[in-house]
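Student: I have a structure here, written as structure tokens, and I will follow up with some questions on it.
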Amino acid sequence: MTSATSPSTAHDRVKPLNIGRLVVWTLFALALAVAPHLFTSSLALTMLSQIGYLIIICLSYNMLLGQGGMLSFGHAVYTGLGSFITVHAIQMASKGELPIPLWLMPIVGGLAGMFFATVLGFVTTKKSGTTFAMITMGIGELVAAMALMFPEFFGGEGGITIDRVYGKPLFGLNFGSGLQVYYLIAVYCFICTALMFAFTGTPLGRILNAVRDNPERVEFIGYNTQRVRYFAFIIAGFFAGVGGALAAINFEIVTGGDSLSVLRSGGYLLFTFLGGATFFFGPIIGAVLLVFASILLSELTKAWLLYLGLVFLFMVMYAPGGIASLIMMNLRVAKYGKLRTLALPYLGLAVGAVLAVLGAAAMIEMTYHLQLNAALGPELKFMGTTINAQALSSWVVAGVLFAVGVGVLEVFRRRFARQWGAIQEYIEHETKRGEAH
């Protein structure tokens, strides 16, 4: 009879080390540590700091949307309230009334987000689906309206400002410089990302996926689906509060109308979806896109919201799984050695897309210029050149570029669709053959 403590049994209980996962997390930590030294401008540092806390917020939102199937239009309530509680706590701490250092303030914001998620989530999670979404929108509008009703707490239209430099330095760090604040955000970003990834493997995380996919069966085996959604909602509120606190520390100001608005919640939804809500790393991509769209794209053109809407439209039509799903599908094709056969179709699709986007963007920019900047004259800068918005030739060239691009896209789209279908059939055949053996 084999002993319970025999080497073979002990070995069976030990899970093998996942080298690939260890490499990914190491690279993620290195990227956070090295990024401000590779991109040294003040604008880059500002963008990196925003990416850091938005990763936390988008991942916390995806805990609801991607893992739980809960479409929320009020996630900004918990990030915003976490921000406001944090700034009030910082004001008290700077006066010596609260013995909490700055580097622990994000936890204060997280606890605030958890508290409000506990209070509001009990009502919100009683329903699911469209009803849940409408309730979150109503609560979001209610809290945003309260920001104007209680200016003593929310600071009115001007918001509340703070000075994040107070108390004793931590290892010589007083968090006065942007670089020090970035590393504070980076540390919390890594820890919170790791914790949220760990949550996906817990029994609660697994049953949350089951509630998303088949709530009737989950209830049949004895689980309370409302309670599962409620617990996930509370945990998501905690991480949302952490992200909101880091945002308040980064900017040293919080405004009620902007931080709590449904538009802010819609931004989290939009970019989490674009990044890919069905994969854990999708919201990380979405957070990066959110910063680039809100900072760089908004500076380049007044029509950035139109471009954003068009991108969202095409992603819903052709890639509903987001950018992360496109990456994973192509990695699957590469695993079976078939990615090289798609090189020419991808090149053709890229050329067609560039031509079509250039033509469409030129027409959009000329239209916006004639409507909004007509007093500045007919000429405008576009892609390093000057074009005349009133000249017929400019419209003809833009129209031809767009038409040619659409034509090239259609030709290569059909070729790509045929080759992609053949590759998927091959992969399916290989998979079944491997299972048979």
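A note on labels: chains of the structure tokens are A, B, ... as shown, every chain counts residues from 1, and ligands are counted from 1 in their shown order.
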How close does segment 30-145 of chain A get to segment 190-209 of chain A? List, as CSV, each residue of segment 30-145 of chain A within 7 Å, its nearest atom pair and the distance in Å to one decimal, counting only C-alpha atoms.

Tutor:
```
residue,atom,partner,partner_atom,distance
A:Ile56,CA,A:Cys192,CA,6.6
A:Gln67,CA,A:Asn209,CA,5.4
A:Gly68,CA,A:Leu208,CA,5.4
```

Student: Would you export the selected residues with N, CA and C atoms as a tab-separated table (two decimals), in the first residue's frame, please?

Tutor:
```tsv
chain	number	residue	atom	x	y	z
A	56	ILE	N	-6.15	49.56	-14.74
A	56	ILE	CA	-6.88	49.06	-13.57
A	56	ILE	C	-8.38	49.25	-13.75
A	67	GLN	N	-16.31	39.04	-17.89
A	67	GLN	CA	-16.38	37.83	-17.08
A	67	GLN	C	-17.79	37.54	-16.57
A	68	GLY	N	-18.57	38.59	-16.34
A	68	GLY	CA	-19.90	38.38	-15.79
A	68	GLY	C	-21.04	38.67	-16.73
```

Student: At a cut-off of 8 Å, using only C-alpha atoms, what residues contact Gly257 of chain A? Leave out same-chain residues fewer than 6 positions from it and give the result as a list of chain:residue names.

Tutor: A:Ala144, A:Ala147, A:Leu148, A:Glu157

Student: Near Met137 of chain A, within 8 Å and counting only C-alpha atoms, which residues show up once chain neighbours fewer than 5 positions away are dropped, as JSON, numbers by chain?

Tutor: {"A": [72, 73, 74, 262]}

Student: Using only C-alpha atoms, pick whichever of A:Ile295, A:Val119, A:Asp163, A:Tyr318 has the shortest atom-to-atom distance to Ser94 of chain A.

Tutor: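 Among A:Ile295, A:Val119, A:Asp163, A:Tyr318, it is A:Asp163 that comes nearest to Ser94 of chain A.
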
Student: Which residues, written as a PDB file with C-alpha atoms, in the first residue's frame, have at least one atom at most 9 Å from Gly109 of chain A, with only C-alpha atoms counted and residues fewer than 6 positions away on the same chain left out?

Tutor:
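File written: selection.pdb
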```pdb
ATOM      1  CA  THR A  79     -14.091  55.491  -9.942  1.00  0.00           C
ATOM      2  CA  LEU A  81     -16.548  58.453  -5.760  1.00  0.00           C
ATOM      3  CA  GLY A  82     -13.246  56.718  -5.055  1.00  0.00           C
ATOM      4  CA  SER A  83     -11.507  59.854  -6.354  1.00  0.00           C
ATOM      5  CA  PHE A  84     -13.573  62.203  -4.174  1.00  0.00           C
ATOM      6  CA  ILE A  85     -13.126  60.180  -1.001  1.00  0.00           C
ATOM      7  CA  THR A  86      -9.392  60.070  -1.719  1.00  0.00           C
ATOM      8  CA  VAL A  87      -9.021  63.833  -2.180  1.00  0.00           C
ATOM      9  CA  PHE A 238     -12.850  48.125  -5.154  1.00  0.00           C
ATOM     10  CA  PHE A 239     -10.478  48.119  -8.113  1.00  0.00           C
ATOM     11  CA  ALA A 240     -12.421  50.933  -9.793  1.00  0.00           C
ATOM     12  CA  GLY A 241     -11.927  52.987  -6.620  1.00  0.00           C
ATOM     13  CA  VAL A 242      -8.186  52.265  -6.679  1.00  0.00           C
ATOM     14  CA  GLY A 243      -8.007  53.510 -10.269  1.00  0.00           C
ATOM     15  CA  GLY A 244     -10.014  56.620  -9.406  1.00  0.00           C
ATOM     16  CA  ALA A 245      -7.740  57.385  -6.445  1.00  0.00           C
ATOM     17  CA  LEU A 246      -4.639  57.101  -8.640  1.00  0.00           C
TER      18      LEU A 246
END
```

Student: Report as a ChimeraX atom specification all protein, DNA and RNA residues lying within 12 Å of Val24 of chain A, evaluated on only C-alpha atoms, omitting residues in the same chain fewer than 6 positions from it.

Tutor: /A:18,30-31,194,281

Student: Take the residues from that selection and write them out as an mmCIF file, in the first residue's frame, keeping C-alpha atoms.

Tutor:
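Output file selection_8.cif follows:
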```cif
data_model
loop_
_atom_site.group_PDB
_atom_site.id
_atom_site.type_symbol
_atom_site.label_atom_id
_atom_site.label_comp_id
_atom_site.auth_asym_id
_atom_site.auth_seq_id
_atom_site.Cartn_x
_atom_site.Cartn_y
_atom_site.Cartn_z
ATOM 1 C CA ASN A 18 3.946 27.769 -16.150
ATOM 2 C CA LEU A 30 9.839 45.277 -17.096
ATOM 3 C CA ALA A 31 7.680 47.295 -19.491
ATOM 4 C CA ALA A 194 -2.118 40.363 -10.900
ATOM 5 C CA PHE A 281 -5.432 41.341 -21.744
#
```

Student: Would you compute the distance between atom CA of Phe292 of chain A and atom CA of Leu48 of chain A? Give it in Å to one decimal.

Tutor: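 Taking atom CA of Phe292 of chain A as the start and atom CA of Leu48 of chain A as the end point, the length is 10.2 Å.
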
Student: Looking only at helix (DSSP H, G or I) from DSSP on the backbone, list the matching residues of segment 128-351 of chain A as an MDAnalysis selection string.

Tutor: chainID A and resid 129:149 151:154 156:158 178:200 203:213 215:220 225:251 256:259 262:275 282:300 304:318 322:335 339:351

Student: Counting only C-alpha atoms, which residue out of A:Phe233, A:Leu59, A:Ala436, A:Gly167 sits closest to Phe273 of chain A?

Tutor: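 Ranked by minimum distance to Phe273 of chain A, first place goes to A:Leu59.
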
Student: If we count only C-alpha atoms, what is near segment 409-424 of chain A at a cut-off of 7 Å, once residues fewer than 5 positions away on the same chain are taken out, given as a PyMOL selection string?

Tutor: chain A and resi 345+348-349+352-353

Student: With N, CA and C atoms retained, write the just-selected residues as a CSV table (one decimal), in the first residue's frame.

Tutor:
```csv
chain,number,residue,atom,x,y,z
A,345,PRO,N,-2.7,38.6,-48.8
A,345,PRO,CA,-4.0,39.1,-48.5
A,345,PRO,C,-4.0,40.2,-47.5
A,348,GLY,N,-2.6,43.4,-49.1
A,348,GLY,CA,-3.6,44.0,-49.9
A,348,GLY,C,-4.6,44.7,-49.1
A,349,LEU,N,-5.1,44.1,-48.0
A,349,LEU,CA,-6.1,44.7,-47.1
A,349,LEU,C,-5.5,45.9,-46.5
A,352,GLY,N,-5.4,48.7,-49.2
A,352,GLY,CA,-6.7,49.2,-49.5
A,352,GLY,C,-7.2,50.0,-48.3
A,353,ALA,N,-7.0,49.6,-47.1
A,353,ALA,CA,-7.4,50.3,-45.9
A,353,ALA,C,-6.8,51.7,-45.8
```

Student: Between A:Lys335, A:Ala403, A:Val34, A:Ala360, which has the minimum distance to Thr431 of chain A (counting only C-alpha atoms)?

Tutor: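 Going through A:Lys335, A:Ala403, A:Val34, A:Ala360 one by one, the smallest distance to Thr431 of chain A is for A:Lys335.
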
Student: Can you write out as a Markdown table which residues of segment 237-291 of chain A fall within 12 Å of segment 306-309 of chain A, alongside each residue's closest atom pair and its distance in Å to one decimal, counting only C-alpha atoms and ordering rows by chain and ascending residue number?

Tutor:
```
| residue | atom | partner | partner_atom | distance |
| --- | --- | --- | --- | --- |
| A:Gly267 | CA | A:Leu308 | CA | 10.6 |
| A:Leu270 | CA | A:Leu308 | CA | 9.4 |
| A:Phe271 | CA | A:Leu308 | CA | 9.9 |
| A:Leu274 | CA | A:Leu308 | CA | 10.3 |
| A:Leu289 | CA | A:Leu308 | CA | 10.4 |
| A:Leu290 | CA | A:Leu308 | CA | 10.1 |
```
